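Participant: My structure is in query.tsv, and what it holds is TSV, C-alpha atoms:
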chain	number	residue	atom	x	y	z
R	70	MET	CA	-19.45	0.05	6.65
R	71	TRP	CA	-19.00	-3.73	6.91
R	72	THR	CA	-17.57	-3.98	3.39
R	73	GLY	CA	-14.98	-1.37	4.35
R	74	PHE	CA	-14.16	-3.25	7.55
R	75	ILE	CA	-13.71	-6.57	5.73
R	76	LEU	CA	-11.52	-5.05	3.02
R	77	ALA	CA	-9.47	-3.09	5.57
R	78	GLY	CA	-9.14	-6.15	7.79
R	79	TYR	CA	-7.84	-8.32	4.98
R	80	ALA	CA	-5.52	-5.62	3.70
R	81	VAL	CA	-4.10	-4.73	7.13
R	82	VAL	CA	-3.70	-8.32	8.32
R	83	GLY	CA	-2.15	-9.31	4.99
R	84	ASN	CA	0.27	-6.36	4.90
R	85	ASP	CA	1.11	-5.38	8.47
R	86	SER	CA	0.92	-8.65	10.39
R	87	ILE	CA	4.08	-9.89	8.68
R	88	GLN	CA	5.99	-7.24	10.65
R	89	THR	CA	5.23	-9.14	13.82
R	90	LEU	CA	4.64	-12.67	12.57
R	91	GLY	CA	7.17	-12.72	9.72
R	92	THR	CA	10.15	-13.93	11.77
R	93	PHE	CA	7.79	-16.28	13.65
R	94	LEU	CA	6.68	-17.85	10.35
R	95	SER	CA	10.23	-18.02	8.98
R	96	SER	CA	11.65	-19.84	11.99
R	97	ASN	CA	8.66	-22.19	12.46
R	98	GLU	CA	8.14	-23.38	8.88
R	99	ASN	CA	8.29	-27.00	10.03
R	100	LYS	CA	5.18	-26.66	12.22
R	101	PRO	CA	1.56	-27.04	10.98
R	102	TRP	CA	0.03	-23.70	10.02
R	103	TYR	CA	-3.05	-24.26	12.18
R	104	VAL	CA	-0.94	-24.62	15.34
R	105	LEU	CA	0.70	-21.25	14.66
R	106	TRP	CA	-2.72	-19.75	13.81
R	107	ALA	CA	-4.27	-21.02	17.07
R	108	PHE	CA	-1.47	-19.36	19.04
R	109	ALA	CA	-1.68	-16.00	17.24
R	110	GLY	CA	-5.48	-16.11	17.08
R	111	SER	CA	-5.87	-16.58	20.83
R	112	ILE	CA	-3.71	-13.50	21.49
R	113	LEU	CA	-5.69	-11.51	18.92
R	114	ALA	CA	-8.97	-12.48	20.59
R	115	PHE	CA	-7.71	-11.64	24.07
R	116	THR	CA	-6.24	-8.26	23.01
R	117	LEU	CA	-9.42	-7.30	21.14
R	118	LEU	CA	-11.81	-8.31	23.91
R	119	TYR	CA	-9.65	-6.72	26.62
R	120	GLY	CA	-9.63	-3.38	24.78
R	121	TRP	CA	-13.37	-3.62	24.11
R	122	TRP	CA	-14.11	-4.26	27.79
R	123	THR	CA	-11.61	-1.76	29.23
R	124	TYR	CA	-12.34	1.15	26.87
R	125	GLY	CA	-16.11	0.87	26.88
R	126	GLY	CA	-16.50	-0.74	23.47
R	127	ASP	CA	-13.54	1.04	21.79
R	128	VAL	CA	-11.13	-1.67	20.62
R	129	SER	CA	-8.60	0.88	19.31
R	130	TYR	CA	-7.35	1.58	22.86
R	131	GLY	CA	-8.22	5.27	22.46
R	132	ARG	CA	-6.39	5.81	19.16
R	133	LEU	CA	-9.59	6.74	17.35
R	134	GLU	CA	-10.66	9.38	19.85
R	135	SER	CA	-10.04	12.20	17.36
R	136	TYR	CA	-11.46	10.23	14.40
R	137	ALA	CA	-15.22	10.76	14.27
R	138	PHE	CA	-17.32	7.87	12.99
R	139	VAL	CA	-18.64	8.55	9.49
R	140	GLU	CA	-22.40	7.93	9.52
R	141	GLU	CA	-22.85	8.41	5.75
R	142	MET	CA	-20.01	6.26	4.45
R	143	GLY	CA	-20.08	6.36	0.64
R	144	TRP	CA	-18.24	4.15	-1.81
R	145	PRO	CA	-15.09	6.37	-1.97
R	146	TYR	CA	-14.23	5.12	1.52
R	147	LEU	CA	-13.59	1.69	-0.01
R	148	LEU	CA	-10.69	3.06	-2.08
R	149	PRO	CA	-7.98	2.88	0.65
R	150	PRO	CA	-8.32	-0.84	1.49
R	151	LEU	CA	-8.75	-1.73	-2.19
R	152	VAL	CA	-5.53	0.06	-3.11
R	153	LEU	CA	-3.80	-1.45	-0.09
R	154	MET	CA	-4.88	-4.95	-1.15
R	155	LEU	CA	-3.51	-4.33	-4.64
R	156	LEU	CA	-0.14	-3.10	-3.32
R	157	THR	CA	0.05	-5.96	-0.80
R	158	ARG	CA	-0.37	-8.54	-3.57
R	159	THR	CA	2.70	-7.04	-5.26
R	160	GLY	CA	4.77	-7.39	-2.08
R	161	ILE	CA	5.06	-3.65	-1.39
R	162	PRO	CA	5.22	-2.89	2.41
R	163	VAL	CA	2.83	0.07	2.45
R	164	SER	CA	1.84	1.92	5.61
R	165	THR	CA	-1.80	1.07	6.33
R	166	SER	CA	-2.05	3.98	8.77
R	167	PHE	CA	-1.35	6.47	6.00
R	168	LEU	CA	-3.52	4.75	3.41
R	169	ILE	CA	-6.60	4.23	5.59
R	170	LEU	CA	-6.66	6.62	8.55
R	171	THR	CA	-5.72	9.63	6.44
R	172	PHE	CA	-8.99	9.24	4.56
R	173	PHE	CA	-10.97	9.74	7.73
R	174	LYS	CA	-8.89	12.67	9.00
R	175	PRO	CA	-6.65	14.28	6.37
R	176	LYS	CA	-5.50	16.94	8.85
R	177	GLY	CA	-3.86	14.22	10.96
R	178	LEU	CA	-1.42	13.31	8.17
R	179	ILE	CA	1.36	15.63	9.39
R	180	ASP	CA	1.25	14.43	13.01
R	181	MET	CA	1.11	10.82	11.85
R	182	THR	CA	4.03	11.34	9.45
R	183	MET	CA	6.26	12.98	12.08
R	184	LYS	CA	5.52	10.26	14.63
R	185	SER	CA	6.25	7.59	12.01
R	186	ILE	CA	9.56	9.24	11.03
R	187	LEU	CA	10.48	9.31	14.72
R	188	GLY	CA	9.50	5.64	14.91
R	189	TYR	CA	11.78	4.71	11.99
R	190	ALA	CA	14.70	6.77	13.30
R	191	LEU	CA	14.35	5.58	16.90
R	192	ALA	CA	14.05	1.92	15.84
R	193	PHE	CA	17.06	2.30	13.54
R	194	CYS	CA	19.19	3.90	16.27
R	195	VAL	CA	18.20	1.31	18.87
R	196	ALA	CA	18.90	-1.53	16.43
R	197	ILE	CA	22.30	-0.29	15.27
R	198	ILE	CA	23.43	0.08	18.90
R	199	VAL	CA	21.91	-3.19	20.14
R	200	TRP	CA	23.08	-5.35	17.25
R	201	GLN	CA	26.65	-4.11	17.37
R	202	LEU	CA	26.72	-5.80	20.77
R	203	VAL	CA	24.44	-8.71	19.86
R	204	THR	CA	26.49	-9.53	16.76
R	205	ARG	CA	29.71	-9.54	18.74
R	206	TRP	CA	28.31	-11.84	21.42
R	207	LEU	CA	25.54	-13.84	19.74
R	208	ASP	CA	24.66	-13.36	16.05
R	209	ARG	CA	28.16	-14.26	14.87
R	210	ARG	CA	27.88	-17.57	16.73
R	211	PHE	CA	24.30	-18.08	15.45
R	212	ILE	CA	25.44	-17.67	11.84
R	213	ARG	CA	28.49	-19.93	12.15
R	214	ASN	CA	27.05	-22.63	14.43
R	215	GLY	CA	23.81	-24.52	14.05
R	216	ILE	CA	21.38	-24.82	16.93
R	217	THR	CA	21.40	-28.02	19.02
R	218	SER	CA	18.20	-29.86	19.92
R	219	GLY	CA	18.48	-28.78	23.56
R	220	GLU	CA	19.01	-25.13	22.62
R	221	LYS	CA	16.12	-25.29	20.17
R	222	ASN	CA	13.67	-26.28	22.91
R	223	VAL	CA	14.73	-23.34	25.08
R	224	TRP	CA	14.74	-20.83	22.21
R	225	THR	CA	11.37	-22.05	20.96
R	226	VAL	CA	9.78	-21.17	24.30
R	227	LEU	CA	11.54	-17.79	24.32
R	228	GLN	CA	10.52	-17.03	20.74
R	229	TRP	CA	6.87	-17.90	21.23
R	230	ALA	CA	6.83	-15.71	24.34
R	231	SER	CA	8.49	-12.77	22.53
R	232	THR	CA	6.17	-13.20	19.54
R	233	GLY	CA	3.11	-13.19	21.81
R	234	PHE	CA	4.34	-10.00	23.49
R	235	LEU	CA	5.11	-8.31	20.16
R	236	TRP	CA	1.88	-9.45	18.49
R	237	GLY	CA	-0.17	-7.97	21.32
R	238	GLN	CA	1.66	-4.64	21.17
R	239	TRP	CA	1.24	-4.45	17.40
R	240	LEU	CA	-2.47	-5.21	17.58
R	241	ILE	CA	-2.99	-2.34	20.03
R	242	GLN	CA	-1.42	0.01	17.46
R	243	ASP	CA	-3.12	-1.36	14.33
R	244	PHE	CA	-6.67	-2.14	15.48
R	245	ALA	CA	-7.36	1.54	14.71
R	246	ASN	CA	-6.58	0.96	11.01
R	247	ILE	CA	-9.28	-1.74	10.78
R	248	TYR	CA	-11.95	-0.59	13.21
R	249	VAL	CA	-12.05	2.98	11.91
R	250	TYR	CA	-14.87	1.71	9.65
R	251	LEU	CA	-17.04	0.57	12.59
R	252	PRO	CA	-18.74	2.58	15.38
R	253	ARG	CA	-16.44	3.72	18.18
R	254	ALA	CA	-18.43	1.74	20.77
R	255	LEU	CA	-19.16	-1.78	19.49
R	256	SER	CA	-22.03	-3.95	20.61
R	257	ALA	CA	-21.50	-7.58	21.65
R	258	THR	CA	-22.80	-8.75	18.27
R	259	GLU	CA	-20.48	-6.41	16.36
R	260	ILE	CA	-17.44	-7.48	18.36
R	261	GLY	CA	-18.31	-11.15	17.84
R	262	VAL	CA	-18.80	-10.82	14.08
R	263	SER	CA	-15.67	-8.69	13.61
R	264	LEU	CA	-13.52	-11.06	15.67
R	265	THR	CA	-14.69	-14.03	13.61
R	266	ILE	CA	-13.82	-12.22	10.38
R	267	LEU	CA	-10.33	-11.31	11.60
R	268	LEU	CA	-9.60	-14.87	12.77
R	269	LEU	CA	-10.58	-16.27	9.38
R	270	MET	CA	-8.33	-13.76	7.62
R	271	LEU	CA	-5.46	-14.61	9.96
R	272	ALA	CA	-5.96	-18.30	9.17
R	273	PHE	CA	-5.54	-17.55	5.47
R	274	ILE	CA	-2.30	-15.63	6.15
R	275	PHE	CA	-0.84	-18.59	8.04
R	276	TYR	CA	-2.08	-21.05	5.43
R	277	SER	CA	-0.38	-19.04	2.65
R	278	LYS	CA	2.81	-18.70	4.78
R	279	GLY	CA	2.73	-14.91	4.77
R	280	GLY	CA	2.41	-14.26	1.06
R	281	ASN	CA	4.63	-11.85	-0.88
R	282	ILE	CA	5.34	-9.48	2.04
R	283	GLN	CA	7.15	-12.34	3.82
R	284	LYS	CA	9.94	-12.09	1.22
R	285	ILE	CA	11.10	-8.81	2.82
R	286	VAL	CA	11.72	-10.57	6.13
R	287	LYS	CA	13.52	-13.53	4.53
R	288	ALA	CA	15.81	-11.17	2.59
R	289	LYS	CA	17.43	-9.97	5.82
R	290	THR	CA	20.43	-11.67	7.40
R	291	ASN	CA	19.71	-14.81	9.45
R	292	THR	CA	16.03	-14.01	10.18
R	293	THR	CA	15.09	-17.68	9.79
R	294	ASP	CA	17.23	-18.61	12.81
R	295	ILE	CA	14.87	-18.91	15.78
R	296	ARG	CA	17.45	-17.31	18.07
R	297	SER	CA	17.86	-14.20	15.94
R	298	ALA	CA	14.10	-14.04	15.36
R	299	THR	CA	13.50	-14.02	19.11
R	300	ILE	CA	15.81	-11.05	19.66
R	301	ILE	CA	14.20	-9.14	16.76
R	302	ASP	CA	10.68	-9.73	18.09
R	303	PHE	CA	11.51	-8.76	21.67
R	304	THR	CA	13.30	-5.55	20.63
R	305	TYR	CA	10.48	-4.56	18.27
R	306	GLY	CA	7.90	-5.26	20.99
R	307	ILE	CA	9.72	-3.00	23.47
R	308	ILE	CA	9.78	-0.16	20.90
R	309	LEU	CA	6.05	-0.55	20.18
R	310	LEU	CA	5.33	-0.62	23.92
R	311	PHE	CA	7.12	2.72	24.21
R	312	PHE	CA	5.03	4.23	21.41
R	313	LYS	CA	1.84	2.80	22.94
R	314	GLU	CA	2.55	4.96	26.00
R	315	PHE	CA	4.07	7.78	23.91
R	316	SER	CA	0.78	9.22	22.63
R	317	ASN	CA	-2.56	8.25	21.10
R	318	VAL	CA	-1.60	9.59	17.67
R	319	PRO	CA	-1.72	6.65	15.22
R	320	MET	CA	1.56	5.80	13.52
R	321	SER	CA	2.98	3.55	10.85
R	322	THR	CA	4.25	0.36	12.46
R	323	THR	CA	5.61	-0.54	9.00
R	324	TRP	CA	8.10	2.30	9.26
R	325	VAL	CA	9.15	1.22	12.76
R	326	PHE	CA	9.65	-2.36	11.62
R	327	LEU	CA	11.71	-1.41	8.56
R	328	GLY	CA	13.79	0.98	10.66
R	329	LEU	CA	14.56	-1.86	13.06
R	330	LEU	CA	15.53	-4.24	10.25
R	331	ALA	CA	17.64	-1.55	8.57
R	332	GLY	CA	19.65	-0.74	11.71
R	333	ARG	CA	20.08	-4.44	12.47
R	334	GLU	CA	21.25	-5.24	8.94
R	335	ILE	CA	23.88	-2.50	8.93
R	336	ALA	CA	25.12	-3.39	12.42
R	337	ILE	CA	25.48	-7.11	11.64
R	338	ARG	CA	27.30	-6.60	8.33
R	339	TYR	CA	29.43	-3.82	9.82
R	340	ARG	CA	30.55	-5.96	12.75
R	341	LEU	CA	31.20	-9.08	10.65
R	342	GLU	CA	33.17	-7.05	8.09
R	343	LEU	CA	35.44	-5.53	10.76
R	344	GLU	CA	36.08	-8.95	12.28
R	345	GLU	CA	36.86	-10.55	8.91
R	346	GLU	CA	39.05	-7.61	7.83
R	347	PRO	CA	40.46	-6.03	11.05
R	348	SER	CA	42.86	-4.00	8.90
R	349	ASP	CA	39.86	-1.87	7.85
R	350	ARG	CA	39.96	-0.29	11.28
R	351	ASP	CA	43.53	0.89	10.80
R	352	ARG	CA	42.89	2.12	7.27
R	353	ALA	CA	39.89	4.17	8.34
R	354	SER	CA	40.78	5.05	11.93
R	355	LEU	CA	39.18	8.50	11.74
R	356	ALA	CA	35.86	7.01	10.63
R	357	TYR	CA	36.12	4.30	13.31
R	358	TYR	CA	36.51	6.78	16.16
R	359	GLY	CA	33.87	8.99	14.60
R	360	GLY	CA	31.53	5.99	14.67
R	361	MET	CA	32.23	5.43	18.36
R	362	ALA	CA	31.45	9.09	19.06
R	363	LEU	CA	28.21	8.82	17.08
R	364	ASN	CA	27.24	5.76	19.12
R	365	VAL	CA	27.39	7.93	22.22
R	366	VAL	CA	25.32	10.62	20.48
R	367	LEU	CA	22.70	8.03	19.49
R	368	LEU	CA	22.49	6.72	23.04
R	369	LEU	CA	21.99	10.24	24.37
R	370	LEU	CA	19.30	10.96	21.77
R	371	ILE	CA	17.47	7.71	22.54
R	372	GLY	CA	17.50	8.54	26.25
R	373	TYR	CA	16.35	12.11	25.56
R	374	VAL	CA	13.40	10.99	23.41
R	375	VAL	CA	12.34	8.41	25.98
R	376	TYR	CA	12.58	11.04	28.71
R	377	LEU	CA	10.56	13.66	26.77
R	378	ARG	CA	7.92	11.16	25.57
R	379	ASP	CA	4.97	13.13	24.14
R	380	GLU	CA	6.85	16.46	24.35
R	381	VAL	CA	9.25	15.56	21.54
R	382	SER	CA	9.39	18.43	19.05
R	383	ASP	CA	9.71	18.21	15.28
R	384	PHE	CA	13.24	19.60	15.64
R	385	ILE	CA	14.31	16.63	17.80
R	386	ILE	CA	12.79	14.26	15.24
R	387	VAL	CA	14.88	15.87	12.49
R	388	VAL	CA	18.00	15.66	14.66
R	389	MET	CA	17.33	11.97	15.32
R	390	ALA	CA	16.90	11.32	11.60
R	391	VAL	CA	20.12	13.19	10.74
R	392	ALA	CA	22.05	11.25	13.40
R	393	MET	CA	20.67	8.01	11.97
R	394	VAL	CA	21.88	8.88	8.46
R	395	ALA	CA	25.25	10.03	9.80
R	396	ARG	CA	25.84	6.78	11.69
R	397	ALA	CA	24.95	4.66	8.67
R	398	THR	CA	27.27	6.73	6.44
R	399	VAL	CA	30.19	6.52	8.86
R	400	ALA	CA	29.68	2.75	9.18
R	401	TYR	CA	30.05	2.50	5.43
R	402	PHE	CA	33.35	4.40	5.43
R	403	GLU	CA	34.60	2.51	8.49
R	404	THR	CA	34.63	-0.73	6.52
R	405	ALA	CA	36.66	0.62	3.59
R	406	PRO	CA	37.83	-0.97	1.39
R	407	GLY	CA	35.69	-4.05	2.11
R	408	GLN	CA	32.39	-2.27	1.53
R	409	LYS	CA	30.71	-4.91	-0.62
R	410	ASN	CA	28.55	-6.35	2.18
R	411	LEU	CA	27.40	-2.94	3.39
R	412	SER	CA	26.75	-1.76	-0.16
R	413	SER	CA	24.23	-4.55	-0.71
R	414	ALA	CA	22.65	-3.79	2.67
R	415	PHE	CA	22.19	-0.13	1.72
R	416	ARG	CA	20.62	-1.11	-1.61
R	417	ASN	CA	18.19	-3.34	0.25
R	418	ILE	CA	17.33	-0.61	2.75
R	419	PHE	CA	16.85	2.05	0.06
R	420	SER	CA	14.56	-0.34	-1.80
R	421	ASP	CA	12.38	-0.82	1.30
R	422	LEU	CA	12.34	2.93	1.97
R	423	GLY	CA	11.37	3.58	-1.62
R	424	LYS	CA	8.42	1.22	-1.29
R	425	VAL	CA	7.02	2.80	1.89
R	426	THR	CA	7.63	6.29	0.51
R	427	PHE	CA	5.68	5.28	-2.57
R	428	GLY	CA	2.88	4.20	-0.23
R	429	LEU	CA	2.94	7.62	1.45
R	430	VAL	CA	2.71	9.40	-1.91
R	431	VAL	CA	-0.20	7.16	-2.89
R	432	SER	CA	-1.91	7.98	0.42
R	433	ILE	CA	-1.64	11.73	-0.12
R	434	ALA	CA	-2.84	11.42	-3.72
R	435	LEU	CA	-5.83	9.35	-2.67
R	436	VAL	CA	-6.79	11.87	0.01
R	437	TYR	CA	-7.12	14.57	-2.64
R	438	ILE	CA	-8.98	12.22	-4.97
R	439	MET	CA	-11.47	11.44	-2.23
R	440	ARG	CA	-11.85	15.13	-1.43
R	441	PHE	CA	-12.87	15.68	-5.02
R	442	LEU	CA	-15.24	12.69	-5.05
R	443	THR	CA	-16.95	13.73	-1.81
R	444	THR	CA	-16.90	17.54	-2.04
R	445	GLY	CA	-16.37	18.28	-5.73
R	446	THR	CA	-13.16	20.20	-5.03
R	447	PHE	CA	-9.52	19.40	-4.24
R	448	ILE	CA	-9.24	22.28	-1.76
R	449	ASP	CA	-12.06	21.98	0.82
R	450	PRO	CA	-10.85	19.79	3.69
R	451	LEU	CA	-12.79	16.79	4.92
R	452	GLY	CA	-13.87	16.56	8.53
Could you write out this structure as structure tokens?

Facilitator:
Amino acid sequence: MWTGFILAGYAVVGNDSIQTLGTFLSSNENKPWYVLWAFAGSILAFTLLYGWWTYGGDVSYGRLESYAFVEEMGWPYLLPPLVLMLLTRTGIPVSTSFLILTFFKPKGLIDMTMKSILGYALAFCVAIIVWQLVTRWLDRRFIRNGITSGEKNVWTVLQWASTGFLWGQWLIQDFANIYVYLPRALSATEIGVSLTILLLMLAFIFYSKGGNIQKIVKAKTNTTDIRSATIIDFTYGIILLFFKEFSNVPMSTTWVFLGLLAGREIAIRYRLELEEEPSDRDRASLAYYGGMALNVVLLLLIGYVVYLRDEVSDFIIVVMAVAMVARATVAYFETAPGQKNLSSAFRNIFSDLGKVTFGLVVSIALVYIMRFLTTGTFIDPLG
């Protein structure tokens, strides 16, 4: 049990925490690692202890209600965090929810997958709408003009506040991936020991400056600028807050994060391309007006999903995903013939999607392997 918790804790903190702390690390590289660790560690401790106290010992904030604690936890249950650690060391952004939680409840894979697809699509749609406006008003100036010392002081306060908000929302989602190995109601001793372990792991992440996963964040446009990082963190935190209230079904925060970065990347490069080559708009006027119409459709879909909350059907999720793909495609044709910037953005996005899809395939394969190891058959479902 404790071996599984330690392995899962290291794997999850090493892989998933970069979603929330990646931009924070990138834009605060000049500060001592232990200062950043003390800030993030204090929020982790508060979030963990608050959930433990409020939910009667359940630090997952109710997300493990349908995941029964496994009393007889054999060695096959160590496979998910071990594989996750291996993939993390290679820099692959794998979904820890799929790799770990699926082992404990294979039947929850479909619900988790649909919610995660909705998370990616919703984050993408929000980002592509928001950053079309942000790029026009702010990001263009951020890229072309350095930050002054006075601005840096203001933005530093804003970024630390947005990071604290985002970090807390992410922890509420991902505590389930770590604490699935421990009893659903923890004693004071268990909460103390587990908190100490997580803080030590977090210290290592800050000391190593994020490791290989951090490269994904740095590959995106202007993420090291503290001003851009603040906007990313705040937007991501709002989306995770929505999904916290959406339902108790666990989801892949990795997919949400990559969806946000993908929409942002396309919106920034799209806007900058049109401003550098305004003739593109005249050459592809049909695509331009089609893009404006799709913006309206995306806004309506976002509002509809927020309104429906936990009543969102699989059909709406598919519609949201199709609209996302359509908007990205039209953006590409809008910038003809100057499509070089967007082409590289699409290659980057497809690479990230390929990595998380690979993680999903690995998750499904491991579920069947564990079924065989625990039941002697690939067919009989686990509990």

Participant: For a test of reading the model, state the distance in Å between CA of Val431 (chain R) and CA of Pro149 (chain R), rounded to one decimal.

Facilitator: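 Between CA of Val431 (chain R) and CA of Pro149 (chain R) the gap is 9.6 Å.
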
Participant: Please report the interatomic distance between CA of Thr304 (chain R) and CA of Thr225 (chain R) in Å with one decimal.

Facilitator: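 Interatomic distance here is 16.6 Å.
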
Participant: Out of R:Val152, R:Val436, R:Ala356, R:Leu191, which residue has the shortest atom-to-atom distance to Phe312 (chain R) when counting all atoms listed in the file?

Facilitator: R:Leu191

Participant: Write out as number ranges by chain which residues come within 10 Å of Leu255 (chain R) when counting all atoms listed in the file, dropping same-chain ones fewer than 3 positions away.

Facilitator: R: 121, 125-128, 248, 251-252, 258-261, 263

Participant: Generate a file of the selected residues that holds C-alpha atoms, formatted as an mmCIF file, in the frame of the given file.

Facilitator:
data_model
loop_
_atom_site.group_PDB
_atom_site.id
_atom_site.type_symbol
_atom_site.label_atom_id
_atom_site.label_comp_id
_atom_site.auth_asym_id
_atom_site.auth_seq_id
_atom_site.Cartn_x
_atom_site.Cartn_y
_atom_site.Cartn_z
ATOM 1 C CA TRP R 121 -13.370 -3.620 24.110
ATOM 2 C CA GLY R 125 -16.110 0.870 26.880
ATOM 3 C CA GLY R 126 -16.500 -0.740 23.470
ATOM 4 C CA ASP R 127 -13.540 1.040 21.790
ATOM 5 C CA VAL R 128 -11.130 -1.670 20.620
ATOM 6 C CA TYR R 248 -11.950 -0.590 13.210
ATOM 7 C CA LEU R 251 -17.040 0.570 12.590
ATOM 8 C CA PRO R 252 -18.740 2.580 15.380
ATOM 9 C CA THR R 258 -22.800 -8.750 18.270
ATOM 10 C CA GLU R 259 -20.480 -6.410 16.360
ATOM 11 C CA ILE R 260 -17.440 -7.480 18.360
ATOM 12 C CA GLY R 261 -18.310 -11.150 17.840
ATOM 13 C CA SER R 263 -15.670 -8.690 13.610
#

Participant: May I have the residues within 10 Å of Ala390 (chain R) as a ChimeraX atom specification, using all atoms listed in the file and disregarding those fewer than 3 positions away in the same chain?

Facilitator: /R:186-191,193-194,384-387,393-395

Participant: Residues as selected, C-alpha atoms, written as a compact mmCIF listing (two decimals), in the frame of the given file, can you do that?

Facilitator:
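Now in selection.txt:
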# COMPACT_ATOMS: atom_id res chain seq x y z
CA ILE R 186 9.56 9.24 11.03
CA LEU R 187 10.48 9.31 14.72
CA GLY R 188 9.50 5.64 14.91
CA TYR R 189 11.78 4.71 11.99
CA ALA R 190 14.70 6.77 13.30
CA LEU R 191 14.35 5.58 16.90
CA PHE R 193 17.06 2.30 13.54
CA CYS R 194 19.19 3.90 16.27
CA PHE R 384 13.24 19.60 15.64
CA ILE R 385 14.31 16.63 17.80
CA ILE R 386 12.79 14.26 15.24
CA VAL R 387 14.88 15.87 12.49
CA MET R 393 20.67 8.01 11.97
CA VAL R 394 21.88 8.88 8.46
CA ALA R 395 25.25 10.03 9.80

Participant: Between R:Leu235, R:Leu170, R:Ala392, R:Ile112, which one has atoms that come closest to Leu310 (chain R), using all atoms listed in the file?

Facilitator: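 Counting all atoms listed in the file, the residue closest to Leu310 (chain R) is R:Leu235.
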
Participant: Mind giving me the straight-line distance from CA of Gly423 (chain R) to CA of Thr182 (chain R) in Å, one decimal?

Facilitator: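 Going from CA of Gly423 (chain R) over to CA of Thr182 (chain R) covers 15.4 Å.
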
Participant: When distances are computed from all atoms listed in the file, which of R:Ile216, R:Val399, R:Val104, R:Leu268 shows the smallest separation from Ser354 (chain R)?

Facilitator: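 With all atoms listed in the file as the atom set, the closest residue is R:Val399.
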
Participant: Excluding same-chain residues fewer than 6 positions from Met320 (chain R), what lies within 10 Å of it counting all atoms listed in the file, as a ChimeraX atom specification?

Facilitator: /R:132,164-167,170,178,180-188,242-243,245-246,312-313

Participant: Could you check the closest approach to Ala109 (chain R) for each of R:Val195, R:Val81, R:Leu429, R:Leu240 and tell me which residue wins, using only C-alpha atoms?

Facilitator: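 Between R:Val195, R:Val81, R:Leu429, R:Leu240, the residue approaching Ala109 (chain R) most closely is R:Leu240.
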
Participant: Taking (1.8, -13.6, 16.7) in the file's coordinates, which residues come within 6 Å, counting only C-alpha atoms, written as a PyMOL selection string?

Facilitator: chain R and resi 90+109+232-233+236

Participant: Set the distance at 9 Å and use all atoms listed in the file: which residues neighbour Leu133 (chain R) once local chain neighbours fewer than 2 positions away are removed? I'd like the list as a PyMOL selection string.

Facilitator: chain R and resi 127+129-131+135-138+245+248-249+253+317-319

Participant: Pick the closest to Leu202 (chain R) from R:Met142, R:Ala272, R:Leu264, R:Ala336: which is it, counting all atoms listed in the file?

Facilitator: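 Ranking R:Met142, R:Ala272, R:Leu264, R:Ala336 by distance to Leu202 (chain R), first place goes to R:Ala336.
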